[in-house]
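J.: Got a structure for you, questions after.
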Amino acid sequence: MGQFDMVKDFFLGISRSRVSLVGGMLVTITTPFLVSFMLADTIWHIKNPYFGAAVYLALGPVFLGGLAMIFIGAFFFRGDRDVHLFTLQYLRRYFTEPDMFGRLRRNVFLIVLLTSVNFAVFSMFLYRAYHYMESTQFCGQFCHTVMQPEHTAYQNSPHSRVACVECHIGAGADWFVKSKISGARQLLAVAAGTYPTPIETPVHGLRPARETCEQCHRPELFHGDKLNVTRSFLPDEQNSTVYNVLLMKIGSAGDRTQSSHGIHWHVAPENKITYRATDYKRMVIPEVTLTRADGTQTVFRTPDADELLQETGQEDAVREMDCIDCHNRPSHIYLPADVALDRKLAEGKIPQELPYIKQQALELITVDYASTELARESITDGLTSWYKANYPQLVAEQPQLLEDAVAGVVTAYTENVFPEMNVEWGTYVNHISHGPDFDIGCFRCHDDSHESPDGKTISADCNTCHTLLAIEEENPPILKTLQGAAR
Ligand code: HEC
Ligand code: HEC
Ligand code: HEC
Ligand code: HEC
Ligand code: HEC
């Protein structure tokens, strides 16, 4: 078939170079699989992270490697005959000899077709692979054990519909590249088993929160206060319900119509707050600097600031405060043990009518277990034997109560504790509050001991951030007033 001379020469060239030959084989074998898997994924959005990995991290790179080898092989061409395909002389013959020109058109057509097919597969691959690497199933499930705590907590958070990359990478090419470099490093660490357990926080390389969170949230448009009513259960026989009612002074970062005030005053454009922490965890903050719009500064320091900063060599480590200094757990929210149980009780996942369930459950879930499996067994056995011993009649008449309780208590544990990653109760501190001991979160600064030269302190007054309307009351009158008589 003379008309395929050029094509024949091309293939002949390839066949003379082993590298090209192997490349050609790889491309030919992988293309049909790659295309059909990618089509399947496009149509059915296959959620299995290992399917994605097989297609985009194994099959795809083999295809790309094959393509590259075909062309690299050209550098290893041996004789004249192999090379002449690519010489000007050879091409000129086709253009100058009339009858060859006709063939040329068809040949060019064939080559363009082949190249377009490869190009189409290539771009479709790039597009799909990009989406796969940005997907929650790749980030959250591919390294299953490693990401299990984060992925589980994320799924139970208000951000469970926000993709991991929205907070961890955000828009723009520079952070995309940065994330892929650190991602490759992390994959290696997982492969080599050298990743830390638990994963260390704070994440020091996190993109400044204002560039990610503020794509969706705009604190300058916040206004007013927010009523927080939380229900908790006492460890008594009735699992008595009590309420906390707090009016949170959410405030605003200020826009044209209102000035910044309240809790989100910190992130107003006219206020810049920087601080120095003495530890990696940013738990001890001896110095805070407030810079106002007019450039004036107030430095608040604890009495032992100089000593602490010198001892730890952190005099120069300055950080600008942003959302994450309070909202460090917007998505990976690990609850304290009693709160985890309160939530399950309030949702009815653990039956409130089972006597002493809060007390018994709390005892069982706060034991250190070596594995999730062991925890599951011990919690199940512990509850079953205790209720059989102390409430045999109830267990016999309403076995469902105990069954539900076991399931609920086990989930309260498995959603928050991950022995395989050394994530225990309280491993990840949440800065959004001050804790029962007034020593973490806001109180790293708001402890009345950070003092400016003119004697002002960062306030620990209980009404700075909230109004306490009811604390652990069974029947708070304020709730009656607020909710009306109908309840
Ligand atoms: C709403 C924003 C948001 C989303 C969505 C989100 N994260 Fe995070 N994530 C954060 C913030 C903020 C931190 C930093 C916490 C710190 O520095 O203390 C973090 C920390 C982490 C850490 C460090 C360990 C830890 O528990 O703090 C890992 C790992 C992680 N995220 C993985 C993921 C994965 C996987 C997903 C998707 C399944 C995801 N993140 C989705 C905001 C988010
Ligand atoms: C892609 C959009 C998006 C991004 C990015 C995002 N959020 Fe959200 N966030 C939401 C949505 C939507 C909700 C409301 C969810 C609901 O109420 O169910 C929410 C809710 C919240 C809440 C209220 C939670 C509650 O308990 O009611 C806080 C606080 C919050 N986000 C903080 C953050 C912080 C901090 C970041 C950055 C680390 C961030 N968000 C990034 C979309 C986003
Ligand atoms: C000084 C600490 C602090 C900083 C800094 C901060 N927040 Fe908040 N934010 C809070 C507290 C406290 C609440 C109330 C939480 C609650 O309801 O229990 C809150 C509430 C919110 C809510 C829910 C509002 C509502 O009406 O339900 C969103 C959304 C939010 N913050 C986003 C942000 C974003 C985005 C940033 C950064 C630009 C930010 N916050 C900076 C402490 C802070
Ligand atoms: C890094 C230190 C730091 C942390 C952490 C911090 N704050 Fe502040 N906060 C400040 C400083 C500094 C001021 C200004 C003090 C002054 O000028 O009197 C302030 C002022 C405030 C104000 C008064 C704003 C106004 O209307 O003038 C509120 C409310 C507040 N903070 C709430 C919180 C809450 C809630 C948290 C925890 C979720 C928190 N802060 C965490 C440093 C901090
Ligand atoms: C700098 C701000 C700030 C100051 C000062 C402050 N709190 Fe709080 N407080 C908070 C935040 C933020 C929360 C968390 C609200 C939430 O969980 O929704 C909170 C929560 C609470 C809770 C509810 C705890 C729970 O688990 O529901 C109580 C009770 C409380 N504070 C008491 C006090 C008392 C008493 C003082 C004075 C000694 C005080 N607070 C001072 C910011 C503050």
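Identifiers in the structure tokens: chain A, B, ... in order shown; residue index from 1 per chain; ligand index from 1 in order shown.
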List all protein, DNA and RNA residues that have at least one atom no more than 7 Å from any atom of ligand 4, counting only C-alpha atoms and all ligand atoms, and write them as a ChimeraX atom specification.
T.: /A:249,260-263,265-266,273-275,288-290,321,325-326,431-433,441-446,456-459,464-465
J.: With C-alpha atoms retained, could you export that selection as a tab-separated table (two decimals), in the first residue's frame?
T.:
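Result went into selection_20.tsv, see below:
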```tsv
chain	number	residue	atom	x	y	z
A	249	LYS	CA	-21.50	38.39	70.83
A	260	SER	CA	-16.28	46.42	63.99
A	261	HIS	CA	-17.18	45.03	67.36
A	262	GLY	CA	-17.58	41.84	69.36
A	263	ILE	CA	-15.91	38.55	68.55
A	265	TRP	CA	-13.57	42.57	65.72
A	266	HIS	CA	-10.21	40.70	65.53
A	273	ILE	CA	-3.23	41.38	65.62
A	274	THR	CA	0.08	39.59	65.75
A	275	TYR	CA	1.42	37.38	68.48
A	288	VAL	CA	0.17	40.11	71.63
A	289	THR	CA	0.45	43.23	69.47
A	290	LEU	CA	-2.52	45.21	68.21
A	321	MET	CA	-3.97	36.18	63.86
A	325	ASP	CA	-6.56	31.00	65.75
A	326	CYS	CA	-10.13	30.54	66.94
A	431	HIS	CA	-9.67	26.94	70.34
A	432	ILE	CA	-13.23	28.17	69.88
A	433	SER	CA	-13.87	28.22	73.64
A	441	GLY	CA	-8.58	28.91	73.32
A	442	CYS	CA	-9.55	32.52	73.93
A	443	PHE	CA	-7.91	32.45	77.36
A	444	ARG	CA	-4.44	32.08	75.86
A	445	CYS	CA	-4.80	35.86	75.46
A	446	HIS	CA	-7.94	36.86	77.38
A	456	LYS	CA	-4.76	47.86	79.98
A	457	THR	CA	-5.33	44.12	79.83
A	458	ILE	CA	-6.96	41.75	77.33
A	459	SER	CA	-10.24	41.23	79.10
A	464	THR	CA	-16.87	40.37	76.93
A	465	CYS	CA	-17.73	37.51	74.62
```
J.: List the spatial neighbours of Ala253 of chain A as a ChimeraX atom specification - criterion: any atom at most 9 Å away, only C-alpha atoms, same-chain residues fewer than 2 positions off excluded.
T.: /A:218-223,251,255,258-270
J.: Quick one: residues within 10 Å of Ser240 of chain A, only C-alpha atoms counted, chain neighbours fewer than 3 positions away excluded, as number ranges by chain?
T.: A: 232-237, 352-353, 355-356, 358, 474
J.: Would you mind exporting the chosen residues as an mmCIF file, in the first residue's frame, restricted to N, CA and C atoms?
T.:
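Final output, saved to again.cif:
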```cif
data_model
loop_
_atom_site.group_PDB
_atom_site.id
_atom_site.type_symbol
_atom_site.label_atom_id
_atom_site.label_comp_id
_atom_site.auth_asym_id
_atom_site.auth_seq_id
_atom_site.Cartn_x
_atom_site.Cartn_y
_atom_site.Cartn_z
ATOM 1 N N SER A 232 -27.391 19.360 77.829
ATOM 2 C CA SER A 232 -26.484 18.286 78.245
ATOM 3 C C SER A 232 -27.187 17.409 79.285
ATOM 4 N N PHE A 233 -26.561 16.304 79.615
ATOM 5 C CA PHE A 233 -27.209 15.307 80.471
ATOM 6 C C PHE A 233 -26.326 15.015 81.670
ATOM 7 N N LEU A 234 -26.946 14.925 82.846
ATOM 8 C CA LEU A 234 -26.177 14.681 84.068
ATOM 9 C C LEU A 234 -25.994 13.171 84.260
ATOM 10 N N PRO A 235 -24.927 12.775 84.953
ATOM 11 C CA PRO A 235 -24.676 11.339 85.139
ATOM 12 C C PRO A 235 -25.500 10.736 86.278
ATOM 13 N N ASP A 236 -26.792 11.056 86.334
ATOM 14 C CA ASP A 236 -27.625 10.497 87.411
ATOM 15 C C ASP A 236 -28.556 9.422 86.848
ATOM 16 N N GLU A 237 -29.438 8.893 87.722
ATOM 17 C CA GLU A 237 -30.272 7.781 87.273
ATOM 18 C C GLU A 237 -31.180 8.190 86.109
ATOM 19 N N GLN A 352 -32.659 8.101 76.104
ATOM 20 C CA GLN A 352 -32.545 8.827 77.361
ATOM 21 C C GLN A 352 -33.207 8.089 78.518
ATOM 22 N N GLU A 353 -34.158 7.161 78.187
ATOM 23 C CA GLU A 353 -34.884 6.515 79.276
ATOM 24 C C GLU A 353 -34.128 5.352 79.892
ATOM 25 N N PRO A 355 -31.751 4.040 82.399
ATOM 26 C CA PRO A 355 -31.193 4.629 83.621
ATOM 27 C C PRO A 355 -29.660 4.603 83.623
ATOM 28 N N TYR A 356 -29.060 5.659 84.103
ATOM 29 C CA TYR A 356 -27.607 5.766 84.270
ATOM 30 C C TYR A 356 -26.797 5.606 82.985
ATOM 31 N N LYS A 358 -25.772 7.757 80.755
ATOM 32 C CA LYS A 358 -24.690 8.736 80.588
ATOM 33 C C LYS A 358 -23.489 8.355 81.443
ATOM 34 N N GLU A 474 -32.119 23.145 84.825
ATOM 35 C CA GLU A 474 -33.045 22.159 84.282
ATOM 36 C C GLU A 474 -34.184 22.819 83.518
#
```
J.: Residues within 6 Å of ligand 1 (only C-alpha atoms and all ligand atoms), as a list in words?
T.: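 Answer in the requested format: Thr136, Cys139, Gly140, Met147, Glu150, His151, Tyr154, His159, Val162, Ala163, Cys164, Cys167, Ile199, Thr201, Pro202, Val203, Ile324, Asn328, Arg329, Pro330, Ser331 and His332 of chain A.
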J.: Which is closest to His144 of chain A among A:Leu479, A:Met421, A:Val108, A:Val165, if we use only C-alpha atoms?
T.: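 Nearest candidate to His144 of chain A out of A:Leu479, A:Met421, A:Val108, A:Val165: A:Met421.
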